[in-house]
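Structure data (compact mmCIF, C-alpha atoms) from protein_5.txt:
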```
# COMPACT_ATOMS: atom_id res chain seq x y z
CA MET A 1 33.48 -33.06 54.68
CA GLY A 2 36.50 -34.34 52.77
CA GLY A 3 36.60 -34.08 49.03
CA GLU A 4 34.00 -31.32 48.72
CA SER A 5 35.14 -28.28 46.82
CA THR A 6 33.35 -24.91 46.83
CA THR A 7 33.93 -21.44 45.52
CA ARG A 8 33.15 -18.10 47.07
CA THR A 9 31.42 -15.65 44.76
CA ALA A 10 30.03 -12.19 45.11
CA PRO A 11 26.44 -12.15 46.34
CA ARG A 12 23.84 -12.01 43.59
CA SER A 13 20.87 -9.74 43.62
CA GLY A 14 17.43 -11.16 43.18
CA GLY A 15 16.97 -9.64 39.68
CA LYS A 16 18.92 -8.34 36.71
CA SER A 17 21.07 -5.26 37.26
CA THR A 18 19.63 -2.13 35.67
CA SER A 19 22.68 0.02 36.39
CA PRO A 20 24.47 1.50 33.34
CA VAL A 21 27.45 -0.40 32.01
CA GLY A 22 30.86 1.26 32.39
CA SER A 23 31.90 4.40 34.18
CA ARG A 24 29.92 7.60 34.06
CA THR A 25 32.77 9.35 32.26
CA GLY A 26 32.89 6.59 29.68
CA GLN A 27 29.14 6.76 29.16
CA ARG A 28 29.24 10.52 28.66
CA LEU A 29 32.16 10.33 26.23
CA SER A 30 30.39 7.54 24.37
CA GLY A 31 27.24 9.64 24.03
CA ILE A 32 29.22 12.67 22.87
CA ALA A 33 31.09 10.56 20.31
CA VAL A 34 27.85 9.15 18.88
CA ALA A 35 26.18 12.57 18.74
CA LEU A 36 29.19 14.21 17.11
CA GLY A 37 29.57 11.28 14.72
CA ILE A 38 25.96 11.60 13.57
CA VAL A 39 26.43 15.33 12.97
CA LEU A 40 29.62 14.78 10.93
CA PHE A 41 28.21 11.83 9.00
CA LEU A 42 24.91 13.48 8.05
CA GLY A 43 26.59 16.86 7.55
CA GLY A 44 29.13 15.35 5.16
CA PHE A 45 26.39 13.66 3.14
CA ALA A 46 24.30 16.83 3.07
CA TRP A 47 27.25 18.96 1.96
CA GLY A 48 28.16 16.45 -0.73
CA ALA A 49 24.57 16.34 -1.99
CA VAL A 50 24.48 20.14 -2.29
CA VAL A 51 27.88 20.52 -3.96
CA TYR A 52 28.11 17.41 -6.16
CA ARG A 53 26.03 15.59 -8.75
CA PRO A 54 26.61 12.00 -9.88
CA TYR A 55 26.80 11.15 -13.56
CA THR A 56 27.29 7.93 -15.49
CA VAL A 57 29.44 8.31 -18.59
CA PRO A 58 27.94 6.10 -21.32
CA THR A 59 30.70 6.24 -23.96
CA THR A 60 34.47 5.72 -24.29
CA SER A 61 35.12 9.28 -25.51
CA MET A 62 36.98 10.16 -22.28
CA THR A 63 39.14 7.02 -22.10
CA PRO A 64 41.63 6.52 -20.44
CA THR A 65 40.53 9.11 -17.86
CA ILE A 66 36.92 7.90 -17.70
CA ASP A 67 35.75 4.61 -19.20
CA ALA A 68 32.28 3.78 -20.49
CA GLY A 69 29.95 3.03 -17.58
CA ASP A 70 32.10 4.83 -14.99
CA ARG A 71 30.27 6.77 -12.28
CA VAL A 72 31.68 10.25 -11.65
CA LEU A 73 31.07 13.02 -9.14
CA ALA A 74 30.93 16.51 -10.62
CA GLN A 75 30.97 19.71 -8.62
CA ARG A 76 28.19 22.18 -9.46
CA VAL A 77 29.96 25.28 -10.73
CA ASP A 78 29.19 28.33 -12.79
CA GLY A 79 30.59 28.32 -16.32
CA SER A 80 32.63 31.42 -15.55
CA GLU A 81 34.74 29.35 -13.13
CA ILE A 82 35.92 26.88 -15.78
CA ARG A 83 39.60 26.87 -16.76
CA ARG A 84 41.77 25.02 -19.25
CA GLY A 85 42.19 21.34 -18.53
CA ASP A 86 38.90 20.95 -16.64
CA VAL A 87 36.69 17.97 -17.41
CA VAL A 88 33.17 19.36 -17.56
CA VAL A 89 29.56 18.25 -17.91
CA PHE A 90 27.54 20.43 -20.28
CA ASN A 91 24.38 20.50 -22.37
CA ASP A 92 24.38 21.76 -25.93
CA LYS A 93 21.44 20.92 -28.22
CA SER A 94 23.61 21.37 -31.31
CA TRP A 95 25.70 18.43 -30.06
CA VAL A 96 23.21 16.12 -28.33
CA THR A 97 19.52 16.59 -27.57
CA ASN A 98 18.29 16.00 -24.00
CA ALA A 99 21.58 14.54 -22.76
CA SER A 100 24.64 15.71 -20.85
CA VAL A 101 28.07 15.52 -22.45
CA VAL A 102 31.43 15.05 -20.67
CA LYS A 103 34.55 16.50 -22.35
CA ARG A 104 37.81 18.26 -21.47
CA VAL A 105 38.24 22.01 -21.93
CA VAL A 106 41.43 22.65 -23.89
CA ALA A 107 40.92 26.31 -24.77
CA VAL A 108 38.87 29.23 -23.47
CA GLY A 109 37.65 32.53 -24.92
CA GLY A 110 40.46 34.44 -26.62
CA ASP A 111 42.68 31.36 -27.11
CA THR A 112 43.83 29.97 -30.44
CA VAL A 113 43.91 26.18 -30.65
CA SER A 114 45.15 23.75 -33.31
CA CYS A 115 46.42 20.21 -33.70
CA CYS A 116 48.84 18.75 -34.17
CA THR A 117 52.43 19.97 -33.85
CA ASN A 118 54.89 17.14 -33.24
CA GLY A 119 51.90 15.04 -32.23
CA LYS A 120 50.80 17.54 -29.58
CA LEU A 121 47.88 19.89 -29.09
CA THR A 122 48.87 23.55 -29.52
CA VAL A 123 47.19 26.36 -27.59
CA ASN A 124 48.32 29.96 -28.02
CA GLY A 125 51.40 28.70 -29.85
CA LYS A 126 52.46 26.41 -26.98
CA GLN A 127 52.58 22.63 -27.26
CA ILE A 128 50.65 21.04 -24.39
CA ASP A 129 51.90 17.97 -22.53
CA GLU A 130 48.75 15.98 -21.78
CA GLY A 131 49.92 13.38 -19.28
CA TYR A 132 46.36 12.20 -18.62
CA LEU A 133 46.27 10.69 -22.13
CA LYS A 134 48.73 8.03 -20.89
CA GLY A 135 50.72 8.00 -24.10
CA SER A 136 47.77 7.48 -26.46
CA VAL A 137 47.70 9.18 -29.85
CA VAL A 138 46.72 12.81 -29.48
CA GLU A 139 44.93 13.20 -32.81
CA ASP A 140 44.74 11.43 -36.15
CA LYS A 141 43.21 14.36 -38.04
CA ASN A 142 44.09 17.99 -38.40
CA ILE A 143 42.39 20.74 -36.42
CA PRO A 144 42.95 24.05 -38.20
CA THR A 145 43.72 27.05 -36.06
CA VAL A 146 40.53 28.10 -34.29
CA LYS A 147 40.11 31.40 -32.46
CA VAL A 148 37.78 30.73 -29.52
CA PRO A 149 35.21 33.54 -29.10
CA GLN A 150 34.91 35.22 -25.72
CA GLY A 151 32.50 33.44 -23.40
CA ARG A 152 32.96 30.10 -25.18
CA LEU A 153 35.02 26.91 -24.75
CA PHE A 154 36.77 24.46 -27.06
CA LEU A 155 36.47 20.87 -25.81
CA LEU A 156 38.03 17.53 -26.73
CA GLY A 157 37.56 13.99 -25.50
CA ASP A 158 40.60 12.24 -24.07
CA GLU A 159 40.02 9.42 -26.57
CA ARG A 160 41.15 11.61 -29.45
CA LEU A 161 40.70 9.07 -32.25
CA GLY A 162 36.94 8.61 -31.96
CA SER A 163 35.51 11.32 -29.70
CA LEU A 164 32.73 13.43 -31.17
CA ASP A 165 33.94 16.70 -29.70
CA SER A 166 34.65 20.24 -30.89
CA SER A 167 36.81 18.86 -33.70
CA ALA A 168 33.70 17.13 -35.11
CA HIS A 169 31.70 20.38 -35.08
CA LEU A 170 34.18 22.72 -36.78
CA SER A 171 31.71 23.43 -39.57
CA ASP A 172 29.12 24.73 -37.10
CA ALA A 173 28.52 28.46 -36.83
CA ALA A 174 30.48 28.55 -33.55
CA GLN A 175 33.35 26.40 -34.98
CA GLY A 176 32.70 23.65 -32.46
CA THR A 177 32.85 25.89 -29.40
CA VAL A 178 30.37 25.70 -26.53
CA ALA A 179 29.04 28.57 -24.41
CA ARG A 180 30.34 28.74 -20.84
CA SER A 181 26.72 29.01 -19.72
CA ALA A 182 26.10 25.47 -21.03
CA VAL A 183 28.41 24.01 -18.36
CA ALA A 184 26.59 22.44 -15.42
CA ALA A 185 29.41 20.88 -13.41
CA ARG A 186 33.13 20.08 -13.24
CA VAL A 187 34.19 16.45 -12.73
CA ASP A 188 36.32 15.88 -9.64
CA ALA A 189 36.56 12.10 -9.33
CA VAL A 190 35.60 8.71 -10.68
CA VAL A 191 33.86 6.95 -7.78
CA TRP A 192 32.77 3.70 -9.40
CA PRO A 193 34.88 1.83 -10.03
CA MET A 194 36.96 3.57 -7.38
CA LYS A 195 39.60 5.44 -9.42
CA GLY A 196 39.74 8.51 -7.19
CA MET A 197 40.44 12.14 -8.03
CA LEU A 198 41.19 13.10 -11.62
CA GLU A 199 44.80 13.79 -12.53
CA ARG A 200 45.78 17.45 -12.49
CA PRO A 201 46.14 18.86 -16.06
CA THR A 202 49.54 20.39 -15.31
CA GLY A 203 50.40 20.82 -18.99
CA PHE A 204 48.10 23.87 -19.08
CA GLU A 205 49.87 25.67 -16.21
CA THR A 206 52.05 27.62 -18.63
CA LEU A 207 48.90 29.28 -19.97
CA GLY A 208 47.31 30.29 -16.67
CA VAL A 209 46.04 29.20 -13.27
CA LEU A 210 44.37 25.80 -13.04
CA SER A 211 41.12 25.09 -11.22
CA GLN A 212 41.46 23.84 -7.66
CA PRO A 213 39.80 20.52 -6.73
CA GLY A 214 36.45 20.80 -5.00
CA PRO A 215 35.80 19.86 -1.35
CA LEU A 216 35.32 16.15 -2.11
CA ARG A 217 38.22 15.02 0.09
CA ILE A 218 36.88 17.05 3.02
CA VAL A 219 33.37 15.64 2.47
CA VAL A 220 34.69 12.07 2.47
CA THR A 221 36.80 12.76 5.58
CA LEU A 222 33.73 14.06 7.45
CA ILE A 223 31.65 11.02 6.49
CA VAL A 224 34.37 8.54 7.45
CA ALA A 225 35.16 10.34 10.72
CA GLY A 226 31.47 10.43 11.59
CA ALA A 227 31.07 6.71 10.92
CA VAL A 228 34.10 5.89 13.08
CA LEU A 229 32.78 8.00 15.97
CA VAL A 230 29.31 6.44 15.79
CA LEU A 231 30.69 2.91 15.68
CA GLY A 232 33.27 3.61 18.38
CA GLY A 233 30.79 5.30 20.71
CA GLY A 234 28.20 2.60 20.14
CA ALA A 235 30.73 -0.13 20.88
CA TYR A 236 31.59 1.27 24.31
CA GLY A 237 28.64 -0.36 26.08
CA PRO A 238 29.24 -3.94 24.85
CA ILE A 239 32.99 -3.63 25.44
CA ALA A 240 32.50 -2.28 28.96
CA LYS A 241 29.97 -5.04 29.70
CA ARG A 242 32.37 -7.73 28.52
CA MET A 243 35.23 -6.25 30.51
CA GLY A 244 33.00 -6.00 33.59
CA GLY A 245 32.06 -9.67 33.23
CA SER A 246 35.71 -10.62 32.94
CA ARG A 247 36.57 -8.76 36.14
CA ALA A 248 33.65 -10.43 37.96
CA ARG A 249 34.90 -13.87 36.97
CA ALA A 250 38.38 -12.91 38.07
CA ARG A 251 37.03 -12.08 41.56
CA THR A 252 35.69 -15.62 42.02
CA GLU A 253 37.98 -17.24 44.60
CA PRO A 254 38.46 -21.02 44.84
CA VAL A 255 38.29 -22.47 48.37
CA GLY A 256 40.29 -25.54 49.33
CA ALA A 257 38.74 -28.96 50.13
CA ARG A 258 37.27 -29.38 53.56
```
Output the file's structure as structure tokens, nothing else.
Amino acid sequence: MGGESTTRTAPRSGGKSTSPVGSRTGQRLSGIAVALGIVLFLGGFAWGAVVYRPYTVPTTSMTPTIDAGDRVLAQRVDGSEIRRGDVVVFNDKSWVTNASVVKRVVAVGGDTVSCCTNGKLTVNGKQIDEGYLKGSVVEDKNIPTVKVPQGRLFLLGDERLGSLDSSAHLSDAAQGTVARSAVAARVDAVVWPMKGMLERPTGFETLGVLSQPGPLRIVVTLIVAGAVLVLGGGAYGPIAKRMGGSRARARTEPVGAR
């Protein structure tokens, strides 16, 4: 009959197809990606939870490196691993009761430390360039020469004008120094707000080897890679289904009027 138009389509089955979407190879790769992604994602979180502890810094004593309210991640380390320039979390009842303190180590056992010479901190007779202070005043009061006992640390806040640090405890029996055993962790990064890894204290390199950053970058890489694999593998099915539907529509052939 003239004017009637029809199309020829592939025959339909009586019910919904229960066959898997996509090729078998694609399905297998998708499953492997999801499984591997879960392992990396959970493994990264587990590793991070074992190695790192989160802390919230309540004061401005570490400005500009760490501001009040910043959330940091600190690697659990033994006090014997601490080196000059490290930002550490420690507990000392002679400083604060039932609270952790965050300060920067500027001298270790056997060092002599004083301030200021030409506006700079002096350790073992060498003036230290402290780039992490971002040009702020190093100190507005004198620190007489202090000989740090073995097994102890001399610590300052990066906000040198108002930080209650070793310079505020010089009259104590230990001349403001803190035992290495009091250190609980070493700060690696500020994670909220997202400021990233702490700047390397390169000014102390002339005095000895610096601490190496912890595995935080590797942990983050594992978590991100795991998330990408899980999302990518999980998206295979919907993508394959959509592509299969597109090909089916493309096979629909118009038939001329008859």
Pick out the closest residue to Lys134 of chain A from this set: A:Ala227, A:Pro64, A:Ala107, A:Arg71. Count only C-alpha atoms. A:Pro64
Sphere at (39.0, 31.2, -32.3), radius 8 Å, counting all atoms listed in the file: residues as a PDB file with C-alpha atoms, keeping the file's coordinate frame:
```
ATOM      1  CA  GLY A 109      37.650  32.530 -24.920  1.00  0.00           C
ATOM      2  CA  GLY A 110      40.460  34.440 -26.620  1.00  0.00           C
ATOM      3  CA  ASP A 111      42.680  31.360 -27.110  1.00  0.00           C
ATOM      4  CA  THR A 112      43.830  29.970 -30.440  1.00  0.00           C
ATOM      5  CA  VAL A 113      43.910  26.180 -30.650  1.00  0.00           C
ATOM      6  CA  THR A 145      43.720  27.050 -36.060  1.00  0.00           C
ATOM      7  CA  VAL A 146      40.530  28.100 -34.290  1.00  0.00           C
ATOM      8  CA  LYS A 147      40.110  31.400 -32.460  1.00  0.00           C
ATOM      9  CA  VAL A 148      37.780  30.730 -29.520  1.00  0.00           C
ATOM     10  CA  PRO A 149      35.210  33.540 -29.100  1.00  0.00           C
ATOM     11  CA  GLN A 175      33.350  26.400 -34.980  1.00  0.00           C
TER      12      GLN A 175
END
```
Quick check, in Å to one decimal: how far apart do atom CA of Leu170 of chain A and atom CA of Ala184 of chain A lie? 22.7 Å
Rounded to one decimal place, report the atom CA of Arg180 of chain A-atom CA of Ser211 of chain A distance in Å. 14.9 Å
Residue among A:Glu159, A:Asp165, A:Glu199, A:Asp78 lying closest to Gly131 of chain A, counting all atoms listed in the file: A:Glu199
Given the point (48.9, 21.9, -27.5) in the file's coordinates, find the residues that have an atom at most 12 Å from it, counting all atoms listed in the file, and give them as an mmCIF file with C-alpha atoms, in the coordinates of the input.
```
data_model
loop_
_atom_site.group_PDB
_atom_site.id
_atom_site.type_symbol
_atom_site.label_atom_id
_atom_site.label_comp_id
_atom_site.auth_asym_id
_atom_site.auth_seq_id
_atom_site.Cartn_x
_atom_site.Cartn_y
_atom_site.Cartn_z
ATOM 1 C CA ARG A 84 41.770 25.020 -19.250
ATOM 2 C CA GLY A 85 42.190 21.340 -18.530
ATOM 3 C CA VAL A 106 41.430 22.650 -23.890
ATOM 4 C CA ALA A 107 40.920 26.310 -24.770
ATOM 5 C CA ASP A 111 42.680 31.360 -27.110
ATOM 6 C CA THR A 112 43.830 29.970 -30.440
ATOM 7 C CA VAL A 113 43.910 26.180 -30.650
ATOM 8 C CA SER A 114 45.150 23.750 -33.310
ATOM 9 C CA CYS A 115 46.420 20.210 -33.700
ATOM 10 C CA CYS A 116 48.840 18.750 -34.170
ATOM 11 C CA THR A 117 52.430 19.970 -33.850
ATOM 12 C CA ASN A 118 54.890 17.140 -33.240
ATOM 13 C CA GLY A 119 51.900 15.040 -32.230
ATOM 14 C CA LYS A 120 50.800 17.540 -29.580
ATOM 15 C CA LEU A 121 47.880 19.890 -29.090
ATOM 16 C CA THR A 122 48.870 23.550 -29.520
ATOM 17 C CA VAL A 123 47.190 26.360 -27.590
ATOM 18 C CA ASN A 124 48.320 29.960 -28.020
ATOM 19 C CA GLY A 125 51.400 28.700 -29.850
ATOM 20 C CA LYS A 126 52.460 26.410 -26.980
ATOM 21 C CA GLN A 127 52.580 22.630 -27.260
ATOM 22 C CA ILE A 128 50.650 21.040 -24.390
ATOM 23 C CA ASP A 129 51.900 17.970 -22.530
ATOM 24 C CA GLU A 130 48.750 15.980 -21.780
ATOM 25 C CA GLY A 131 49.920 13.380 -19.280
ATOM 26 C CA VAL A 138 46.720 12.810 -29.480
ATOM 27 C CA GLU A 139 44.930 13.200 -32.810
ATOM 28 C CA ILE A 143 42.390 20.740 -36.420
ATOM 29 C CA THR A 145 43.720 27.050 -36.060
ATOM 30 C CA LEU A 156 38.030 17.530 -26.730
ATOM 31 C CA GLY A 203 50.400 20.820 -18.990
ATOM 32 C CA PHE A 204 48.100 23.870 -19.080
ATOM 33 C CA GLU A 205 49.870 25.670 -16.210
ATOM 34 C CA THR A 206 52.050 27.620 -18.630
ATOM 35 C CA LEU A 207 48.900 29.280 -19.970
#
```
Of the listed residues A:Val108, A:Leu155, A:Asp67, A:Asn142, that which approaches Phe90 of chain A most closely, counting only C-alpha atoms: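 Checking each candidate against Phe90 of chain A, we get A:Leu155 as the closest.
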Set the distance at 12 Å and use all atoms listed in the file: which residues neighbour Trp47 of chain A once local chain neighbours fewer than 3 positions away are removed? I'd like the list as number ranges by chain. A: 39-44, 50-53, 75-76, 214-223
State, in Å with one decimal place, the distance from atom CA of Thr25 of chain A to atom CA of Val230 of chain A.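 Result for atom CA of Thr25 of chain A versus atom CA of Val230 of chain A: 17.1 Å, one decimal.
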With all atoms listed in the file as the basis for distance, which of A:Tyr55, A:Tyr132, A:Tyr236, A:Phe154 is at the shortest distance from Lys103 of chain A?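 For Lys103 of chain A, the nearest of the candidates is A:Phe154.
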